[in-house]
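K.L.:
Contents are TSV, C-alpha atoms; file name model.tsv:
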```
chain	number	residue	atom	x	y	z
A	18	MET	CA	22.83	58.00	-10.12
A	19	SER	CA	20.61	54.98	-9.48
A	20	SER	CA	19.00	54.35	-6.12
A	21	LEU	CA	17.17	51.49	-4.45
A	22	ALA	CA	13.96	53.50	-4.83
A	23	ASP	CA	14.26	53.26	-8.63
A	24	PHE	CA	12.48	49.90	-8.47
A	25	GLN	CA	9.19	51.79	-8.36
A	26	ASN	CA	10.12	53.60	-11.58
A	27	GLU	CA	10.79	50.24	-13.25
A	28	ILE	CA	7.33	49.10	-12.24
A	29	TYR	CA	5.62	52.22	-13.55
A	30	LEU	CA	7.55	52.09	-16.83
A	31	ARG	CA	6.58	48.45	-17.38
A	32	GLY	CA	3.02	49.56	-16.82
A	33	LEU	CA	3.22	51.53	-20.07
A	34	GLY	CA	3.29	48.14	-21.76
A	35	ASP	CA	0.44	46.87	-19.58
A	36	VAL	CA	2.82	44.78	-17.46
A	37	VAL	CA	1.99	44.69	-13.78
A	38	PRO	CA	3.98	43.01	-10.98
A	39	ALA	CA	3.43	39.27	-10.64
A	40	LEU	CA	3.19	39.67	-6.86
A	41	PRO	CA	1.74	42.45	-4.71
A	42	THR	CA	4.02	45.29	-3.73
A	43	ASP	CA	2.18	45.52	-0.40
A	44	LEU	CA	4.10	42.68	1.24
A	45	THR	CA	1.52	42.30	4.00
A	46	ARG	CA	-0.76	40.71	1.37
A	47	LEU	CA	1.63	37.84	0.64
A	48	GLU	CA	0.67	35.72	3.64
A	49	ALA	CA	-2.93	35.26	2.50
A	50	LEU	CA	-1.79	34.39	-1.02
A	51	ALA	CA	0.75	31.90	0.31
A	52	GLU	CA	-1.94	30.22	2.40
A	53	ARG	CA	-3.87	29.46	-0.77
A	54	ARG	CA	-0.77	28.08	-2.50
A	55	LEU	CA	0.75	25.95	0.27
A	56	SER	CA	-0.44	22.83	2.01
A	57	ALA	CA	-1.96	23.36	5.43
A	58	ALA	CA	1.10	21.75	7.03
A	59	ALA	CA	3.64	23.89	5.16
A	60	PHE	CA	1.71	27.12	5.69
A	61	GLY	CA	1.22	26.37	9.37
A	62	TYR	CA	4.93	25.77	9.76
A	63	VAL	CA	5.93	29.20	8.43
A	64	ALA	CA	2.98	31.31	9.59
A	65	GLY	CA	2.43	29.70	12.97
A	66	ALA	CA	3.82	30.71	16.33
A	67	ALA	CA	3.86	29.47	19.90
A	68	GLY	CA	0.66	28.90	21.87
A	69	SER	CA	-2.08	31.43	21.19
A	70	GLU	CA	0.36	33.33	18.93
A	71	ALA	CA	0.18	36.35	21.23
A	72	THR	CA	3.91	37.03	20.81
A	73	ALA	CA	3.66	37.10	17.02
A	74	ARG	CA	0.78	39.57	17.29
A	75	ALA	CA	2.72	41.65	19.82
A	76	ASN	CA	5.62	41.90	17.38
A	77	ARG	CA	3.41	43.59	14.82
A	78	GLU	CA	1.55	45.74	17.36
A	79	ALA	CA	4.86	47.09	18.67
A	80	PHE	CA	5.61	48.64	15.28
A	81	ASP	CA	2.21	50.31	15.27
A	82	ARG	CA	3.01	52.03	18.56
A	83	TRP	CA	5.61	54.19	16.81
A	84	ARG	CA	5.01	56.85	14.16
A	85	ILE	CA	7.56	58.44	11.84
A	86	VAL	CA	7.91	62.23	11.97
A	87	PRO	CA	9.20	63.56	8.61
A	88	ARG	CA	11.45	66.58	8.28
A	89	MET	CA	11.47	68.91	5.27
A	90	LEU	CA	13.88	70.89	3.04
A	91	ARG	CA	16.94	68.76	3.78
A	92	ASP	CA	18.37	67.96	0.30
A	93	VAL	CA	17.71	64.24	0.07
A	94	ALA	CA	18.40	63.95	-3.66
A	95	ALA	CA	21.29	61.53	-3.12
A	96	ARG	CA	21.15	58.77	-0.52
A	97	ASP	CA	23.50	56.05	0.64
A	98	LEU	CA	22.03	53.20	2.65
A	99	SER	CA	25.19	51.10	2.69
A	100	VAL	CA	26.55	49.74	5.96
A	101	ARG	CA	29.13	47.28	7.21
A	102	VAL	CA	27.77	44.73	9.65
A	103	LEU	CA	29.62	41.75	11.15
A	104	GLY	CA	32.45	42.56	8.79
A	105	THR	CA	30.21	42.40	5.71
A	106	PRO	CA	29.68	45.35	3.35
A	107	MET	CA	25.96	45.64	2.57
A	108	PRO	CA	24.05	47.93	0.18
A	109	ALA	CA	21.41	48.37	2.88
A	110	PRO	CA	21.03	47.20	6.49
A	111	VAL	CA	18.96	44.13	5.57
A	112	ALA	CA	19.77	40.42	5.65
A	113	LEU	CA	17.72	37.29	4.99
A	114	ALA	CA	16.95	35.64	8.31
A	115	PRO	CA	17.79	31.98	8.84
A	116	VAL	CA	14.68	29.98	7.95
A	117	GLY	CA	14.78	26.20	7.81
A	118	VAL	CA	13.17	23.53	5.61
A	119	GLN	CA	12.54	25.89	2.71
A	120	SER	CA	11.90	23.01	0.30
A	121	ILE	CA	8.41	22.65	1.78
A	122	PHE	CA	7.65	26.08	0.31
A	123	HIS	CA	9.36	25.64	-3.07
A	124	PRO	CA	11.32	22.70	-4.54
A	125	ASP	CA	14.46	24.79	-4.96
A	126	GLY	CA	14.18	26.04	-1.37
A	127	GLU	CA	17.27	27.66	0.12
A	128	ARG	CA	19.10	27.59	-3.20
A	129	ALA	CA	16.52	29.89	-4.79
A	130	ALA	CA	16.57	32.27	-1.82
A	131	ALA	CA	20.38	32.30	-1.79
A	132	ARG	CA	20.48	33.23	-5.48
A	133	ALA	CA	18.03	36.07	-4.90
A	134	ALA	CA	20.11	37.31	-1.97
A	135	ALA	CA	23.23	37.29	-4.13
A	136	ALA	CA	21.46	39.27	-6.85
A	137	THR	CA	20.66	42.01	-4.34
A	138	ARG	CA	24.01	41.68	-2.52
A	139	LEU	CA	22.24	41.13	0.81
A	140	PRO	CA	23.66	38.60	3.28
A	141	TYR	CA	21.99	35.21	3.17
A	142	VAL	CA	21.90	33.51	6.57
A	143	LEU	CA	21.74	29.75	6.13
A	144	SER	CA	19.90	27.77	8.79
A	145	THR	CA	21.43	24.59	10.15
A	146	ALA	CA	17.96	23.15	9.46
A	147	SER	CA	18.32	23.63	5.71
A	148	SER	CA	16.80	21.40	3.05
A	149	PHE	CA	20.10	21.62	1.15
A	150	SER	CA	23.63	21.32	2.44
A	151	ILE	CA	26.01	24.08	3.47
A	152	GLU	CA	27.99	23.48	0.30
A	153	GLU	CA	25.02	23.34	-2.08
A	154	VAL	CA	23.63	26.63	-0.81
A	155	ALA	CA	27.07	28.26	-1.01
A	156	GLN	CA	27.32	27.20	-4.64
A	157	ALA	CA	23.89	28.72	-5.37
A	158	ASN	CA	24.88	31.91	-3.55
A	159	GLY	CA	28.02	32.28	-5.66
A	160	ASP	CA	30.00	35.35	-4.66
A	161	GLY	CA	27.14	36.76	-2.58
A	162	PRO	CA	27.71	37.50	1.11
A	163	ARG	CA	26.60	34.67	3.40
A	164	TRP	CA	26.50	33.89	7.10
A	165	TYR	CA	25.92	30.56	8.81
A	166	GLN	CA	23.37	30.03	11.58
A	167	LEU	CA	24.15	27.33	14.12
A	168	TYR	CA	21.67	25.26	16.04
A	169	TRP	CA	24.20	24.05	18.58
A	170	PRO	CA	23.95	20.23	18.78
A	171	LYS	CA	24.77	18.12	21.80
A	172	ASP	CA	27.59	16.40	19.88
A	173	ARG	CA	30.55	18.81	20.11
A	174	GLU	CA	32.38	17.04	17.30
A	175	LEU	CA	29.37	17.56	15.05
A	176	ALA	CA	29.22	21.24	15.98
A	177	VAL	CA	32.90	21.65	15.04
A	178	SER	CA	32.28	19.90	11.73
A	179	PHE	CA	29.41	22.28	10.91
A	180	LEU	CA	31.61	25.28	11.68
A	181	GLU	CA	34.54	23.98	9.66
A	182	ARG	CA	32.32	23.20	6.67
A	183	ALA	CA	30.72	26.65	6.81
A	184	ALA	CA	34.09	28.42	6.97
A	185	ALA	CA	35.43	26.33	4.08
A	186	ALA	CA	32.32	27.18	2.01
A	187	GLY	CA	32.75	30.93	2.41
A	188	TYR	CA	30.32	31.80	5.19
A	189	THR	CA	31.98	34.75	6.89
A	190	ALA	CA	29.94	35.33	10.06
A	191	LEU	CA	28.36	32.99	12.57
A	192	VAL	CA	24.84	33.47	13.94
A	193	VAL	CA	24.16	31.30	17.00
A	194	THR	CA	20.49	30.83	17.82
A	195	LEU	CA	20.11	30.59	21.59
A	196	ASP	CA	16.34	30.37	22.02
A	197	THR	CA	15.56	27.06	20.27
A	198	PHE	CA	17.30	24.33	22.27
A	199	ALA	CA	13.80	22.80	22.40
A	200	LEU	CA	10.81	23.31	20.12
A	201	ALA	CA	7.99	25.32	21.65
A	202	TRP	CA	4.33	24.31	21.90
A	203	ARG	CA	3.17	25.20	18.37
A	204	PRO	CA	-0.49	24.33	17.89
A	205	ARG	CA	-0.58	24.75	14.11
A	206	ASP	CA	2.14	22.12	13.74
A	207	LEU	CA	0.70	19.93	16.48
A	208	ASP	CA	-2.78	19.97	14.98
A	209	GLN	CA	-1.29	18.69	11.72
A	210	ALA	CA	1.05	16.31	13.62
A	211	TYR	CA	3.70	17.81	11.37
A	212	LEU	CA	7.40	18.04	12.15
A	213	PRO	CA	9.29	18.02	8.84
A	214	PHE	CA	12.58	16.82	10.35
A	215	LEU	CA	10.99	13.48	11.28
A	216	ARG	CA	10.15	13.10	7.58
A	217	GLY	CA	13.75	13.69	6.55
A	218	ILE	CA	13.20	17.33	5.53
A	219	GLY	CA	15.49	20.08	6.82
A	220	VAL	CA	18.23	17.66	7.89
A	221	ALA	CA	20.50	17.92	4.84
A	222	ASN	CA	23.37	19.43	6.83
A	223	TYR	CA	23.22	16.56	9.28
A	224	PHE	CA	22.83	13.75	6.75
A	225	SER	CA	25.69	15.13	4.61
A	226	ASP	CA	28.07	15.56	7.55
A	227	PRO	CA	30.96	13.08	7.95
A	228	VAL	CA	30.75	13.16	11.75
A	229	PHE	CA	27.01	12.49	11.66
A	230	GLN	CA	27.44	9.73	9.07
A	231	LYS	CA	30.10	8.04	11.18
A	232	ALA	CA	27.69	8.00	14.12
A	233	VAL	CA	24.94	6.29	12.10
A	234	GLY	CA	27.18	3.73	10.40
A	235	GLY	CA	27.88	5.45	7.08
A	236	PRO	CA	26.15	7.59	4.45
A	237	VAL	CA	22.42	7.92	5.07
A	238	THR	CA	20.40	5.52	2.92
A	239	GLU	CA	17.00	3.89	3.24
A	240	ALA	CA	18.66	1.20	5.35
A	241	ASN	CA	19.74	3.57	8.14
A	242	ARG	CA	17.39	6.51	7.53
A	243	ASP	CA	15.25	5.85	10.59
A	244	ALA	CA	18.34	5.57	12.77
A	245	ALA	CA	19.65	8.83	11.28
A	246	ILE	CA	16.42	10.66	12.10
A	247	LEU	CA	16.51	9.34	15.67
A	248	HIS	CA	20.15	10.46	15.95
A	249	TRP	CA	19.13	13.91	14.70
A	250	ALA	CA	16.37	14.07	17.33
A	251	ALA	CA	18.80	13.07	20.06
A	252	ASN	CA	21.30	15.78	19.09
A	253	PHE	CA	19.32	18.75	17.80
A	254	GLY	CA	19.08	20.91	20.93
A	255	ASN	CA	21.26	21.26	24.00
A	256	PRO	CA	19.46	22.75	27.02
A	257	SER	CA	22.57	22.37	29.20
A	258	LEU	CA	24.55	25.14	27.45
A	259	THR	CA	25.73	28.11	29.55
A	260	TRP	CA	27.63	31.34	28.94
A	261	ASP	CA	30.85	29.48	29.71
A	262	ASP	CA	30.36	27.40	26.57
A	263	LEU	CA	30.87	30.42	24.32
A	264	VAL	CA	34.62	29.91	24.75
A	265	PHE	CA	34.18	26.75	22.66
A	266	LEU	CA	32.75	28.80	19.78
A	267	ARG	CA	35.66	31.23	19.84
A	268	GLU	CA	38.07	28.31	19.68
A	269	HIS	CA	36.44	26.93	16.54
A	270	TRP	CA	35.17	30.00	14.66
A	271	HIS	CA	37.55	32.78	13.68
A	272	GLY	CA	35.15	35.30	12.18
A	273	PRO	CA	32.46	37.52	13.74
A	274	ILE	CA	29.90	35.85	16.01
A	275	ALA	CA	26.40	37.17	16.79
A	276	LEU	CA	24.06	35.66	19.38
A	277	LYS	CA	20.44	35.47	18.20
A	278	GLY	CA	17.54	35.46	20.65
A	279	ILE	CA	18.73	38.16	23.05
A	280	GLN	CA	15.81	39.96	24.71
A	281	HIS	CA	17.12	41.05	28.12
A	282	PRO	CA	19.76	43.79	28.57
A	283	ASP	CA	21.65	41.68	31.12
A	284	ASP	CA	22.04	38.93	28.53
A	285	ALA	CA	23.29	41.53	26.06
A	286	ARG	CA	25.92	42.62	28.59
A	287	ARG	CA	26.97	39.02	29.13
A	288	ALA	CA	27.38	38.61	25.37
A	289	VAL	CA	29.68	41.63	25.33
A	290	ASP	CA	31.63	40.29	28.30
A	291	ALA	CA	32.05	37.00	26.43
A	292	GLY	CA	33.61	38.83	23.49
A	293	MET	CA	30.76	38.39	21.05
A	294	ASP	CA	30.72	40.73	18.06
A	295	GLY	CA	26.97	41.17	17.88
A	296	VAL	CA	23.59	40.35	19.39
A	297	ILE	CA	20.35	39.87	17.51
A	298	VAL	CA	17.27	41.04	19.38
A	299	SER	CA	14.72	38.39	18.44
A	300	ASN	CA	11.92	36.27	19.86
A	301	HIS	CA	12.08	33.90	16.88
A	302	GLY	CA	9.10	35.58	15.25
A	303	GLY	CA	6.95	34.61	18.22
A	304	ARG	CA	7.63	30.91	17.64
A	305	GLN	CA	9.17	30.01	21.01
A	306	ILE	CA	7.33	31.57	23.98
A	307	ASP	CA	3.67	32.57	23.98
A	308	GLY	CA	3.25	35.90	25.75
A	309	ALA	CA	6.90	36.95	25.42
A	310	VAL	CA	8.02	40.55	25.08
A	311	ALA	CA	7.68	42.04	21.59
A	312	SER	CA	11.03	42.11	19.87
A	313	LEU	CA	10.81	45.84	19.09
A	314	ASP	CA	10.02	46.61	22.75
A	315	ALA	CA	13.13	44.69	23.79
A	316	LEU	CA	15.36	46.55	21.34
A	317	PRO	CA	16.01	49.94	23.07
A	318	PRO	CA	17.08	48.46	26.45
A	319	VAL	CA	19.48	46.09	24.68
A	320	VAL	CA	20.93	48.94	22.61
A	321	GLU	CA	21.43	50.96	25.80
A	322	ALA	CA	23.13	48.02	27.53
A	323	VAL	CA	25.48	47.26	24.64
A	324	ARG	CA	26.20	50.82	23.49
A	325	ASP	CA	29.11	50.62	21.04
A	326	GLN	CA	30.67	47.46	22.43
A	327	ALA	CA	28.92	45.16	19.96
A	328	GLU	CA	26.63	45.47	16.96
A	329	VAL	CA	22.91	45.12	17.63
A	330	LEU	CA	20.79	43.50	14.94
A	331	PHE	CA	17.03	42.95	15.00
A	332	ASP	CA	14.38	40.57	13.75
A	333	SER	CA	10.80	39.45	14.41
A	334	GLY	CA	7.76	41.13	12.91
A	335	VAL	CA	9.36	43.09	10.05
A	336	ARG	CA	7.03	43.41	7.06
A	337	THR	CA	7.72	46.79	5.42
A	338	GLY	CA	10.42	49.34	4.68
A	339	GLY	CA	8.83	51.55	7.31
A	340	ASP	CA	9.26	48.77	9.89
A	341	ILE	CA	12.95	48.58	9.02
A	342	ALA	CA	13.34	52.34	9.43
A	343	LYS	CA	11.71	52.18	12.87
A	344	ALA	CA	14.01	49.39	14.05
A	345	LEU	CA	17.04	51.32	12.80
A	346	ALA	CA	15.84	54.48	14.54
A	347	LEU	CA	15.57	52.54	17.80
A	348	GLY	CA	19.19	51.47	17.55
A	349	ALA	CA	19.48	48.39	15.34
A	350	LYS	CA	22.49	48.31	13.02
A	351	ALA	CA	20.68	45.99	10.60
A	352	VAL	CA	17.45	44.02	10.33
A	353	LEU	CA	16.82	40.38	9.44
A	354	VAL	CA	13.71	39.61	7.39
A	355	GLY	CA	12.11	36.16	7.49
A	356	ARG	CA	8.49	35.38	6.69
A	357	PRO	CA	8.06	37.92	3.84
A	358	PHE	CA	10.82	36.39	1.73
A	359	VAL	CA	9.51	32.88	2.48
A	360	TYR	CA	6.09	33.88	1.19
A	361	GLY	CA	7.78	35.29	-1.90
A	362	LEU	CA	9.60	31.98	-2.31
A	363	ALA	CA	6.35	30.03	-2.03
A	364	LEU	CA	4.62	32.24	-4.59
A	365	GLY	CA	7.38	32.80	-7.12
A	366	GLY	CA	10.58	30.93	-6.31
A	367	GLU	CA	13.76	32.91	-6.81
A	368	ALA	CA	11.90	35.68	-8.65
A	369	GLY	CA	9.43	35.93	-5.76
A	370	VAL	CA	12.22	36.36	-3.22
A	371	THR	CA	13.92	38.97	-5.43
A	372	HIS	CA	10.62	40.84	-5.70
A	373	VAL	CA	10.20	40.92	-1.92
A	374	LEU	CA	13.75	42.12	-1.33
A	375	ARG	CA	13.58	44.85	-3.97
A	376	CYS	CA	10.25	46.04	-2.57
A	377	LEU	CA	11.67	46.25	0.95
A	378	LEU	CA	14.79	48.09	-0.20
A	379	ALA	CA	12.86	50.54	-2.35
A	380	GLU	CA	10.38	51.30	0.41
A	381	LEU	CA	13.18	51.74	2.93
A	382	ASP	CA	15.00	54.14	0.60
A	383	LEU	CA	11.81	56.11	0.01
A	384	THR	CA	11.05	56.20	3.73
A	385	LEU	CA	14.45	57.71	4.43
A	386	MET	CA	14.13	60.23	1.62
A	387	LEU	CA	10.59	61.31	2.45
A	388	SER	CA	11.39	61.63	6.16
A	389	GLY	CA	14.34	63.89	5.38
A	390	HIS	CA	17.34	61.56	5.73
A	391	THR	CA	20.11	60.43	3.40
A	392	ARG	CA	21.96	57.83	5.49
A	393	VAL	CA	20.79	55.10	7.84
A	394	ALA	CA	23.37	56.30	10.36
A	395	ASP	CA	21.36	59.51	10.68
A	396	LEU	CA	18.28	57.65	11.94
A	397	GLY	CA	17.69	57.96	15.66
A	398	PRO	CA	14.88	58.18	18.21
A	399	ASP	CA	14.05	61.69	17.00
A	400	LEU	CA	12.61	60.08	13.85
A	401	LEU	CA	9.77	58.63	15.92
A	402	VAL	CA	6.99	59.52	18.29
A	403	SER	CA	4.96	57.04	20.29
A	404	ALA	CA	1.41	56.57	19.05
```
Taking this structure as input, can you express it in the form of C-alpha cells?
P.N.:
Amino acid sequence: MSSLADFQNEIYLRGLGDVVPALPTDLTRLEALAERRLSAAAFGYVAGAAGSEATARANREAFDRWRIVPRMLRDVAARDLSVRVLGTPMPAPVALAPVGVQSIFHPDGERAAARAAAATRLPYVLSTASSFSIEEVAQANGDGPRWYQLYWPKDRELAVSFLERAAAAGYTALVVTLDTFALAWRPRDLDQAYLPFLRGIGVANYFSDPVFQKAVGGPVTEANRDAAILHWAANFGNPSLTWDDLVFLREHWHGPIALKGIQHPDDARRAVDAGMDGVIVSNHGGRQIDGAVASLDALPPVVEAVRDQAEVLFDSGVRTGGDIAKALALGAKAVLVGRPFVYGLALGGEAGVTHVLRCLLAELDLTLMLSGHTRVADLGPDLLVSA
C-alpha cells in the first residue's frame, strides 16, 4: 500500500540514475533561491511583511517553542492522513492558501498552482486578487477541489457577482478574509513604490466581472483602464463591515463559510454565533499588523473557544511537515500553506509547486509515523512539550 512518505523512496531510486531533485527538499531554503530568481519588487511582495516584520518572525519563533515527543512500538506500518474539512474530502489536512497576483512569480501564475493542487488532490483556495479569472483557474484546476477566497468589496452587487461566479465554477467553500480591508504599512513594497494592482496585475476577477464592467462603461480596454483601476481602488476594502453583515453572506453563499484572520477567542465565538462553519486562525503571514500575536500562539485559545461548534483551520508561518503536525496537535483541523508553494512556483512553475506539496505531505506522513501515530485525528497536545 502506497503512502505519502513514498515520495522519499522515489527520490532515492532516481538517485541510482544520478538524478537529484531540481529543487531542495528542505523547503526553508527556497526563499533565498527565489530571491535570486525574482525581481526585487516581486520578491518583496511575497516575502515582506508589515512594519519591522516582527509578526512574521514571531510566527516562525512560535513553532520553535514546541518540541515533538515521539512514542515507540505502536504499529505505524499503515497510516491514513485523510480528513474532511469544510465539506471537502482531502488526502491530508493541507490546502493551498489564497495568494494573489501569482503572475509576478511565474507567467502561468494561479493556473500552474491550481494544476499542481489538483494533481495532489489538495484544495486550491483562489484569491479574489488573482492574476487570472475565477473561471480560468477553475478550468486549470479541472476536477480538483477548490475554494474561493473573498476580499469583500464595498459594492454589494459586485460581491454577489463574485460569489455567484465562484459557485457556478465549482468552488465549494467560501473563505472570507477579514483582516485586509486596508493594506498595512509594508516597507518592502513601499521602498519599491510597488503595488501590482495599480499596474493592472491581480485584478482579473474585477476586470472580467459584468458588474464591474458595467460600472466602468463596458469591458476593460486601454481606453478605460485607468478608470477601472481607480474603481478597483475605491471598492477593494470595506472597513465599515460588522458581524451583522455576515447575514448577507449566508443569503448569497449556500456552501460552507470560513472566516480567515481570527486571532481572538471572542471573535471565534462570534463566528460560531453567526453560524459560520469554520474559522482560520491567521495573521496574514505577518503582513497586516507589526507586533501582532503569533498565529500559533493564538491557535489554542481559539480552539478552546470554538470546541466542536466549528472547524478551526490555521495558517501563517508553516514551512515544514513538522510545523503542520504541531498545528494539528494544538487543535487545527487543517493547515493552509502559502509562501513555500509560491517560492516553488517562482522556481519551477507547476512542477515546483508539486514538488513543494509532495515534500510537505511526505514529511508530515513521516512525522506522524516516527512519532508513533497513524491518523491526524490522534494528534493532540500530548504530542508536544514546550521548549
K.L.:
Using all atoms listed in the file, which of the listed residues (A:Ala351, A:Arg356, A:Pro236, A:Asp284) sits closest to Ala322 of chain A?
P.N.:
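For Ala322 of chain A, the nearest of the candidates is A:Asp284.
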K.L.:
Got a sec: who's within 12 Å of Ile28 of chain A, counting all atoms listed in the file, leaving out chain neighbours fewer than 4 positions off, as number ranges by chain?
P.N.:
A: 22-24, 32-42, 372, 375-376, 379
K.L.:
Would you mind listing what lies within 12 Å of Thr238 of chain A as a list in words, with all atoms listed in the file counted and same-chain residues fewer than 6 positions away left out?
P.N.:
Gly217, Phe224, Ser225, Gln230, Ala244, Ala245 and Ile246 of chain A
K.L.:
Restricting the calculation to all atoms listed in the file, which member of A:Ala134, A:Val118, A:Ala66, A:Val323 is positioned closest to Thr371 of chain A?
P.N.:
A:Ala134
K.L.:
Just the residues within 7 Å of Pro357 of chain A, please, counting all atoms listed in the file, with nothing from its chain fewer than 3 positions along; format it as a ChimeraX atom specification.
P.N.:
/A:44,336,354,360-361,373
K.L.:
Those selected residues, please, written with C-alpha atoms and delivered as a PDB file, keeping the file's coordinate frame.
P.N.:
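As written to disk, again-v2.pdb reads:
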```pdb
ATOM      1  CA  LEU A  44       4.100  42.680   1.240  1.00  0.00           C
ATOM      2  CA  ARG A 336       7.030  43.410   7.060  1.00  0.00           C
ATOM      3  CA  VAL A 354      13.710  39.610   7.390  1.00  0.00           C
ATOM      4  CA  TYR A 360       6.090  33.880   1.190  1.00  0.00           C
ATOM      5  CA  GLY A 361       7.780  35.290  -1.900  1.00  0.00           C
ATOM      6  CA  VAL A 373      10.200  40.920  -1.920  1.00  0.00           C
TER       7      VAL A 373
END
```
K.L.:
Could you check which of A:Leu378, A:Ile297, A:Ala73, A:Leu387 is closest to Arg203 of chain A, using only C-alpha atoms?
P.N.:
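Closest candidate: A:Ala73.
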K.L.:
I need the residue nearest Leu385 of chain A from this list: A:Ala59, A:Leu400, A:Val319, A:Ala291. Use all atoms listed in the file for the distance.
P.N.:
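Ranked by minimum distance to Leu385 of chain A, first place goes to A:Leu400.
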K.L.:
Quick one: residues within 9 Å of segment 165-170 of chain A, all atoms listed in the file counted, chain neighbours fewer than 2 positions away excluded, as number ranges by chain?
P.N.:
A: 115, 141-146, 151, 163, 172-173, 175-176, 179-180, 183-184, 188-195, 197-198, 249, 251-255, 258
K.L.:
How far is it from atom CA of Gly295 of chain A to atom CA of Ala315 of chain A, in Å with one decimal?
P.N.:
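Computed distance, atom CA of Gly295 of chain A to atom CA of Ala315 of chain A, equals 15.5 Å.
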K.L.:
Show me the residues close to (13.5, 61.5, 17.8) - anything with an atom within 12 Å, counting only C-alpha atoms - and format the list as a PDB file with C-alpha atoms, in the coordinates of the input.
P.N.:
```pdb
ATOM      1  CA  TRP A  83       5.610  54.190  16.810  1.00  0.00           C
ATOM      2  CA  ARG A  84       5.010  56.850  14.160  1.00  0.00           C
ATOM      3  CA  ILE A  85       7.560  58.440  11.840  1.00  0.00           C
ATOM      4  CA  VAL A  86       7.910  62.230  11.970  1.00  0.00           C
ATOM      5  CA  PRO A  87       9.200  63.560   8.610  1.00  0.00           C
ATOM      6  CA  ARG A  88      11.450  66.580   8.280  1.00  0.00           C
ATOM      7  CA  LYS A 343      11.710  52.180  12.870  1.00  0.00           C
ATOM      8  CA  LEU A 345      17.040  51.320  12.800  1.00  0.00           C
ATOM      9  CA  ALA A 346      15.840  54.480  14.540  1.00  0.00           C
ATOM     10  CA  LEU A 347      15.570  52.540  17.800  1.00  0.00           C
ATOM     11  CA  GLY A 348      19.190  51.470  17.550  1.00  0.00           C
ATOM     12  CA  SER A 388      11.390  61.630   6.160  1.00  0.00           C
ATOM     13  CA  ASP A 395      21.360  59.510  10.680  1.00  0.00           C
ATOM     14  CA  LEU A 396      18.280  57.650  11.940  1.00  0.00           C
ATOM     15  CA  GLY A 397      17.690  57.960  15.660  1.00  0.00           C
ATOM     16  CA  PRO A 398      14.880  58.180  18.210  1.00  0.00           C
ATOM     17  CA  ASP A 399      14.050  61.690  17.000  1.00  0.00           C
ATOM     18  CA  LEU A 400      12.610  60.080  13.850  1.00  0.00           C
ATOM     19  CA  LEU A 401       9.770  58.630  15.920  1.00  0.00           C
ATOM     20  CA  VAL A 402       6.990  59.520  18.290  1.00  0.00           C
ATOM     21  CA  SER A 403       4.960  57.040  20.290  1.00  0.00           C
TER      22      SER A 403
END
```
K.L.:
Go through A:Ala199, A:Ala71, A:Val111, A:Ala129 one by one, measure the shortest atom-to-atom distance of each to Gly338 of chain A using all atoms listed in the file, and give the residue with the smallest value.
P.N.:
A:Val111
K.L.:
Could you tell me how far atom CA of Ala240 of chain A sits from atom CA of Val228 of chain A, in Å to one decimal place?
P.N.:
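Value for the atom CA of Val228 of chain A-atom CA of Ala240 of chain A distance: 18.2 Å.
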K.L.:
Of the residues A:Ala112, A:Ile121, A:Ile341, A:Ala309, which is the one nearest to Tyr211 of chain A, using all atoms listed in the file?
P.N.:
A:Ile121
K.L.:
If you count all atoms listed in the file, which residues fall within 7 Å of segment 300-307 of chain A, apart from same-chain ones fewer than 5 positions away, as a list in words?
P.N.:
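That gives Ala66, Ala67, Gly68, Ser69, Glu70, Ala71, Thr72, Ala73, Leu200, Ala201, Gly278, Ser312, Ser333 and Gly334 of chain A.
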